[in-house]
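Peer 1: Pasting a structure below so you can have a look.
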Amino acid sequence: MPTDSATATATATLSAPLAAGPAASGRPRGVLTLTCRERPGIVQAVTSFLLEHGLDIVEHHQFDDSERETLFLRTAFAADDVLDVPTLEREFASVADGFGMTFAFHGEEKPRLLVMVSKFGHCLNDLIFRWRAGTLGGDIALVVSNHPDLRPMAEAAGLPFVHVPSTAATKAEAEARLLELVAVHDIDLVVLARYMQILSDDLCRSLEGRAINIHHSFLPGFKGAKPYHQAYARGVKLVGATAHYVTPDLDEGPIIEQEVIRVDHGHHPNRLATVGQDAECLALSRAVRWHCEHRVLLHGSSTVIFR
């Protein structure tokens, strides 16, 4: 599994969530996320602003990173009336300027997802199940693939399926089509659910912070064809998967989640592949949900996750 400390995920659970009681039930909900340099008075300024605007805090997490002298904060709140996100952002700007904050207010609308696949359907199937159950955190708007194989799965779930072939000769055209679909369908997050094509550097930059990929964590140890056969030959003891943001550096983007499952000598290559698929589904679905719930704060090559 990758252990690059530069992309290690800091999982922040220093502040326990405040339970949303009956008063918050049925009320409009929102989330404030912010990052800034550590200094006294930040939390007081945030809570005072929310109180002055009649907003009730229902969940609060913060992480003071002493190594980077940086504060990361996520506060969920409920409103008594319509939640006006643009007004909140505009009126909070003076508070943010005083502390040098990078911040965002998020309404309760679910992010719209575009899922990209090739021929492996386990991650798509898992995402569809969680979407239908209402536990994915976002709404799948459509499925895009460079192969037609998974059309029946997508259409059985009532999802539009768009076949966009991609070869070396048509790669630029295919990526332009993808960006067109992102714009037309008002997509907030692109999910690469075992999409077996390498995205260009330009496309990665266009989707910075809003594209998530999943890969088996034998990379980079077992590259190329048949990684599970390579793993079996080497007698691996752990099978894993890593969900991360897409960057021009292949499979080296900021890590959101990793899942590990212990195996032994009795796991032949096909069984290893099955276990690996389970790990991929778990890691990817968690990463998508945490992103959609605004629980992931990006900071350079790493992330802070408020679970």
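FYI, nothing fancy with the structure tokens labels: chains A, B, ... in order, residues from 1 per chain, ligands from 1 as they appear.
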Report as a list in words: the residues of range 69-141 of chain A with a DSSP assignment of helix (DSSP H, G or I), based on the backbone of this structure.

Peer 2: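 Filtering range 69-141 of chain A down to helix (DSSP H, G or I) leaves Val85, Pro86, Thr87, Leu88, Glu89, Arg90, Glu91, Phe92, Ala93, Ser94, Val95, Ala96, Asp97, Gly98, Phe99, His122, Cys123, Leu124, Asn125, Asp126, Leu127, Ile128, Phe129, Arg130, Trp131, Arg132 and Ala133 of chain A.
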
Peer 1: Filtering to C-alpha atoms, could you give me those residues as a PDB file, in the first residue's frame?

Peer 2:
```
ATOM      1  CA  VAL A  85     -25.948  30.920   1.188  1.00  0.00           C
ATOM      2  CA  PRO A  86     -24.821  33.853  -1.042  1.00  0.00           C
ATOM      3  CA  THR A  87     -25.833  36.363   1.651  1.00  0.00           C
ATOM      4  CA  LEU A  88     -24.015  34.395   4.353  1.00  0.00           C
ATOM      5  CA  GLU A  89     -20.861  34.280   2.244  1.00  0.00           C
ATOM      6  CA  ARG A  90     -21.015  37.979   1.518  1.00  0.00           C
ATOM      7  CA  GLU A  91     -21.600  38.984   5.155  1.00  0.00           C
ATOM      8  CA  PHE A  92     -18.992  36.545   6.515  1.00  0.00           C
ATOM      9  CA  ALA A  93     -16.321  37.981   4.211  1.00  0.00           C
ATOM     10  CA  SER A  94     -15.360  40.712   6.708  1.00  0.00           C
ATOM     11  CA  VAL A  95     -14.835  38.109   9.446  1.00  0.00           C
ATOM     12  CA  ALA A  96     -12.786  35.955   7.064  1.00  0.00           C
ATOM     13  CA  ASP A  97     -10.633  38.886   5.980  1.00  0.00           C
ATOM     14  CA  GLY A  98      -9.736  39.609   9.586  1.00  0.00           C
ATOM     15  CA  PHE A  99      -8.320  36.122  10.044  1.00  0.00           C
ATOM     16  CA  HIS A 122     -18.447  -3.563  -8.984  1.00  0.00           C
ATOM     17  CA  CYS A 123     -17.845   0.053  -7.957  1.00  0.00           C
ATOM     18  CA  LEU A 124     -20.672   1.381 -10.136  1.00  0.00           C
ATOM     19  CA  ASN A 125     -23.043  -1.236  -8.736  1.00  0.00           C
ATOM     20  CA  ASP A 126     -22.100  -0.272  -5.171  1.00  0.00           C
ATOM     21  CA  LEU A 127     -22.496   3.453  -5.840  1.00  0.00           C
ATOM     22  CA  ILE A 128     -25.917   2.896  -7.424  1.00  0.00           C
ATOM     23  CA  PHE A 129     -27.051   0.841  -4.425  1.00  0.00           C
ATOM     24  CA  ARG A 130     -25.977   3.535  -1.947  1.00  0.00           C
ATOM     25  CA  TRP A 131     -27.479   6.279  -4.119  1.00  0.00           C
ATOM     26  CA  ARG A 132     -30.831   4.490  -4.204  1.00  0.00           C
ATOM     27  CA  ALA A 133     -30.652   3.923  -0.444  1.00  0.00           C
TER      28      ALA A 133
END
```

Peer 1: Would you kindly return, as a PDB file with N, CA, C and O atoms, in the first residue's frame, each protein, DNA or RNA residue with an atom no farther than 10 Å from any atom of range 43-47 of chain A, considering only C-alpha atoms and excluding same-chain residues fewer than 4 positions away?

Peer 2:
```pdb
ATOM      1  N   LEU A  32     -20.442  25.215   7.149  1.00  0.00           N
ATOM      2  CA  LEU A  32     -19.346  26.162   6.936  1.00  0.00           C
ATOM      3  C   LEU A  32     -18.037  25.401   7.065  1.00  0.00           C
ATOM      4  O   LEU A  32     -17.814  24.687   8.048  1.00  0.00           O
ATOM      5  N   LEU A  34     -13.712  25.996   6.710  1.00  0.00           N
ATOM      6  CA  LEU A  34     -12.701  27.046   6.573  1.00  0.00           C
ATOM      7  C   LEU A  34     -11.330  26.543   6.980  1.00  0.00           C
ATOM      8  O   LEU A  34     -11.181  25.585   7.737  1.00  0.00           O
ATOM      9  N   ARG A  39      -4.701  31.236  15.409  1.00  0.00           N
ATOM     10  CA  ARG A  39      -4.602  32.427  16.254  1.00  0.00           C
ATOM     11  C   ARG A  39      -5.820  32.459  17.158  1.00  0.00           C
ATOM     12  O   ARG A  39      -6.857  31.855  16.837  1.00  0.00           O
ATOM     13  N   LEU A  51     -24.581  32.827  15.514  1.00  0.00           N
ATOM     14  CA  LEU A  51     -25.605  33.216  16.482  1.00  0.00           C
ATOM     15  C   LEU A  51     -26.318  34.483  16.045  1.00  0.00           C
ATOM     16  O   LEU A  51     -27.551  34.579  16.093  1.00  0.00           O
ATOM     17  N   GLU A  52     -25.552  35.464  15.581  1.00  0.00           N
ATOM     18  CA  GLU A  52     -26.144  36.729  15.141  1.00  0.00           C
ATOM     19  C   GLU A  52     -27.085  36.543  13.955  1.00  0.00           C
ATOM     20  O   GLU A  52     -28.008  37.346  13.760  1.00  0.00           O
ATOM     21  N   HIS A  53     -26.871  35.495  13.171  1.00  0.00           N
ATOM     22  CA  HIS A  53     -27.715  35.244  12.003  1.00  0.00           C
ATOM     23  C   HIS A  53     -28.779  34.188  12.280  1.00  0.00           C
ATOM     24  O   HIS A  53     -29.402  33.653  11.347  1.00  0.00           O
ATOM     25  N   LEU A  55     -28.561  31.125  13.456  1.00  0.00           N
ATOM     26  CA  LEU A  55     -28.225  29.777  13.019  1.00  0.00           C
ATOM     27  C   LEU A  55     -27.795  28.928  14.209  1.00  0.00           C
ATOM     28  O   LEU A  55     -26.978  29.368  15.028  1.00  0.00           O
ATOM     29  N   ASP A  56     -28.344  27.729  14.301  1.00  0.00           N
ATOM     30  CA  ASP A  56     -28.127  26.834  15.430  1.00  0.00           C
ATOM     31  C   ASP A  56     -27.080  25.783  15.074  1.00  0.00           C
ATOM     32  O   ASP A  56     -27.273  24.995  14.142  1.00  0.00           O
ATOM     33  N   ILE A  57     -25.954  25.757  15.797  1.00  0.00           N
ATOM     34  CA  ILE A  57     -24.893  24.783  15.529  1.00  0.00           C
ATOM     35  C   ILE A  57     -25.359  23.389  15.931  1.00  0.00           C
ATOM     36  O   ILE A  57     -25.779  23.173  17.074  1.00  0.00           O
ATOM     37  N   GLN A  62     -13.096  20.675  14.684  1.00  0.00           N
ATOM     38  CA  GLN A  62     -11.951  21.510  14.332  1.00  0.00           C
ATOM     39  C   GLN A  62     -10.670  20.719  14.585  1.00  0.00           C
ATOM     40  O   GLN A  62     -10.638  19.808  15.406  1.00  0.00           O
ATOM     41  N   LEU A  71      -5.436  26.013  11.237  1.00  0.00           N
ATOM     42  CA  LEU A  71      -6.696  25.546  11.800  1.00  0.00           C
ATOM     43  C   LEU A  71      -7.619  25.099  10.676  1.00  0.00           C
ATOM     44  O   LEU A  71      -7.790  25.807   9.673  1.00  0.00           O
ATOM     45  N   LEU A  73     -11.622  23.753  10.083  1.00  0.00           N
ATOM     46  CA  LEU A  73     -12.885  23.790  10.813  1.00  0.00           C
ATOM     47  C   LEU A  73     -14.052  23.418   9.905  1.00  0.00           C
ATOM     48  O   LEU A  73     -14.106  23.826   8.735  1.00  0.00           O
ATOM     49  N   THR A  75     -18.322  23.312  10.529  1.00  0.00           N
ATOM     50  CA  THR A  75     -19.454  23.522  11.418  1.00  0.00           C
ATOM     51  C   THR A  75     -20.751  23.384  10.636  1.00  0.00           C
ATOM     52  O   THR A  75     -20.955  24.089   9.643  1.00  0.00           O
ATOM     53  N   PHE A  92     -20.084  37.149   5.744  1.00  0.00           N
ATOM     54  CA  PHE A  92     -18.992  36.545   6.515  1.00  0.00           C
ATOM     55  C   PHE A  92     -17.628  37.002   6.008  1.00  0.00           C
ATOM     56  O   PHE A  92     -16.619  36.829   6.700  1.00  0.00           O
ATOM     57  N   VAL A  95     -15.419  38.952   8.398  1.00  0.00           N
ATOM     58  CA  VAL A  95     -14.835  38.109   9.446  1.00  0.00           C
ATOM     59  C   VAL A  95     -13.648  37.335   8.879  1.00  0.00           C
ATOM     60  O   VAL A  95     -12.578  37.258   9.487  1.00  0.00           O
ATOM     61  N   ALA A  96     -13.844  36.745   7.698  1.00  0.00           N
ATOM     62  CA  ALA A  96     -12.786  35.955   7.064  1.00  0.00           C
ATOM     63  C   ALA A  96     -11.557  36.794   6.770  1.00  0.00           C
ATOM     64  O   ALA A  96     -10.416  36.347   6.979  1.00  0.00           O
ATOM     65  N   GLY A  98     -10.449  39.296   8.348  1.00  0.00           N
ATOM     66  CA  GLY A  98      -9.736  39.609   9.586  1.00  0.00           C
ATOM     67  C   GLY A  98      -8.820  38.497  10.046  1.00  0.00           C
ATOM     68  O   GLY A  98      -7.850  38.755  10.772  1.00  0.00           O
ATOM     69  N   PHE A  99      -9.126  37.282   9.634  1.00  0.00           N
ATOM     70  CA  PHE A  99      -8.320  36.122  10.044  1.00  0.00           C
ATOM     71  C   PHE A  99      -7.581  35.470   8.880  1.00  0.00           C
ATOM     72  O   PHE A  99      -6.887  34.477   9.082  1.00  0.00           O
TER      73      PHE A  99
END
```

Peer 1: For each of A:Ser217, A:Thr35, A:Ser285, A:Thr135, take the minimum atom-to-atom distance to Arg68 in chain A, counting only C-alpha atoms, then give the residue where this is smallest.

Peer 2: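 Checking each of A:Ser217, A:Thr35, A:Ser285, A:Thr135 against Arg68 in chain A, counting only C-alpha atoms, the winner is A:Thr35.
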
Peer 1: Please build the interface table for range 191-247 of chain A against range 263-274 of chain A with a cut-off of 10 Å, listing for each qualifying residue the nearest atom pair and the distance in Å to one decimal; count only C-alpha atoms, order rows by chain and increasing number, and write it as CSV.

Peer 2:
```
residue,atom,partner,partner_atom,distance
A:His216,CA,A:Ala273,CA,9.5
A:Lys226,CA,A:Pro269,CA,8.8
A:Pro227,CA,A:Pro269,CA,8.9
A:Tyr228,CA,A:Pro269,CA,5.3
A:His229,CA,A:Pro269,CA,5.1
A:Gln230,CA,A:Pro269,CA,8.4
A:Ala231,CA,A:Pro269,CA,7.8
A:Tyr232,CA,A:Pro269,CA,5.9
A:Ala233,CA,A:Pro269,CA,8.8
A:Arg234,CA,A:His265,CA,10.0
A:Gly235,CA,A:His265,CA,6.5
A:Val236,CA,A:Asp264,CA,7.2
A:Lys237,CA,A:Val263,CA,5.0
A:Leu238,CA,A:Val263,CA,5.6
A:Val239,CA,A:Val263,CA,6.8
```

Peer 1: For Asp139 in chain A, which of A:Val260, A:Val246, A:Ala104, A:Val288 is the closest residue, counting only C-alpha atoms?

Peer 2: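 Among A:Val260, A:Val246, A:Ala104, A:Val288, it is A:Val288 that comes nearest to Asp139 in chain A.
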
Peer 1: Have a look at A:Ala169, A:Leu114, A:Arg205, A:Val164 and name the one nearest to Leu192 in chain A; count only C-alpha atoms.

Peer 2: A:Leu114

Peer 1: Could you tell me which of A:Ala172, A:Ala193, A:Val184, A:Val31 comes closest to Leu150 in chain A if we count only C-alpha atoms?

Peer 2: A:Ala193

Peer 1: Per DSSP on the backbone, what are the strand (DSSP E) residues of range 155-200 of chain A, as a list in words?

Peer 2: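 Matching residues for strand (DSSP E) in range 155-200 of chain A are Phe161, Val162, His163, Leu189, Val190, Val191 and Leu192 of chain A.
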
Peer 1: Take the selection from the previous step and output its residues with N, CA and C atoms, as an mmCIF file, in the first residue's frame.

Peer 2:
```cif
data_model
loop_
_atom_site.group_PDB
_atom_site.id
_atom_site.type_symbol
_atom_site.label_atom_id
_atom_site.label_comp_id
_atom_site.auth_asym_id
_atom_site.auth_seq_id
_atom_site.Cartn_x
_atom_site.Cartn_y
_atom_site.Cartn_z
ATOM 1 N N PHE A 161 -26.849 6.838 -19.828
ATOM 2 C CA PHE A 161 -25.538 6.244 -20.092
ATOM 3 C C PHE A 161 -25.007 6.850 -21.383
ATOM 4 N N VAL A 162 -23.804 7.419 -21.310
ATOM 5 C CA VAL A 162 -23.203 8.059 -22.475
ATOM 6 C C VAL A 162 -21.916 7.326 -22.826
ATOM 7 N N HIS A 163 -21.873 6.769 -24.027
ATOM 8 C CA HIS A 163 -20.691 6.052 -24.492
ATOM 9 C C HIS A 163 -19.770 7.047 -25.196
ATOM 10 N N LEU A 189 -19.109 16.730 -9.022
ATOM 11 C CA LEU A 189 -18.030 15.779 -8.739
ATOM 12 C C LEU A 189 -18.003 14.694 -9.800
ATOM 13 N N VAL A 190 -16.813 14.431 -10.327
ATOM 14 C CA VAL A 190 -16.599 13.323 -11.264
ATOM 15 C C VAL A 190 -15.977 12.170 -10.488
ATOM 16 N N VAL A 191 -16.589 10.993 -10.598
ATOM 17 C CA VAL A 191 -16.122 9.819 -9.865
ATOM 18 C C VAL A 191 -15.593 8.794 -10.857
ATOM 19 N N LEU A 192 -14.299 8.500 -10.780
ATOM 20 C CA LEU A 192 -13.692 7.493 -11.644
ATOM 21 C C LEU A 192 -13.807 6.143 -10.940
#
```

Peer 1: By how many Å are CA of Arg112 in chain A and CA of Glu155 in chain A apart?

Peer 2: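 For CA of Arg112 in chain A relative to CA of Glu155 in chain A, the distance reads 17.5 Å.
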
Peer 1: Taking only C-alpha atoms into account, which of A:Glu293, A:Asp149, A:Glu38, A:Asp188 comes nearest Gly107 in chain A?

Peer 2: A:Glu293
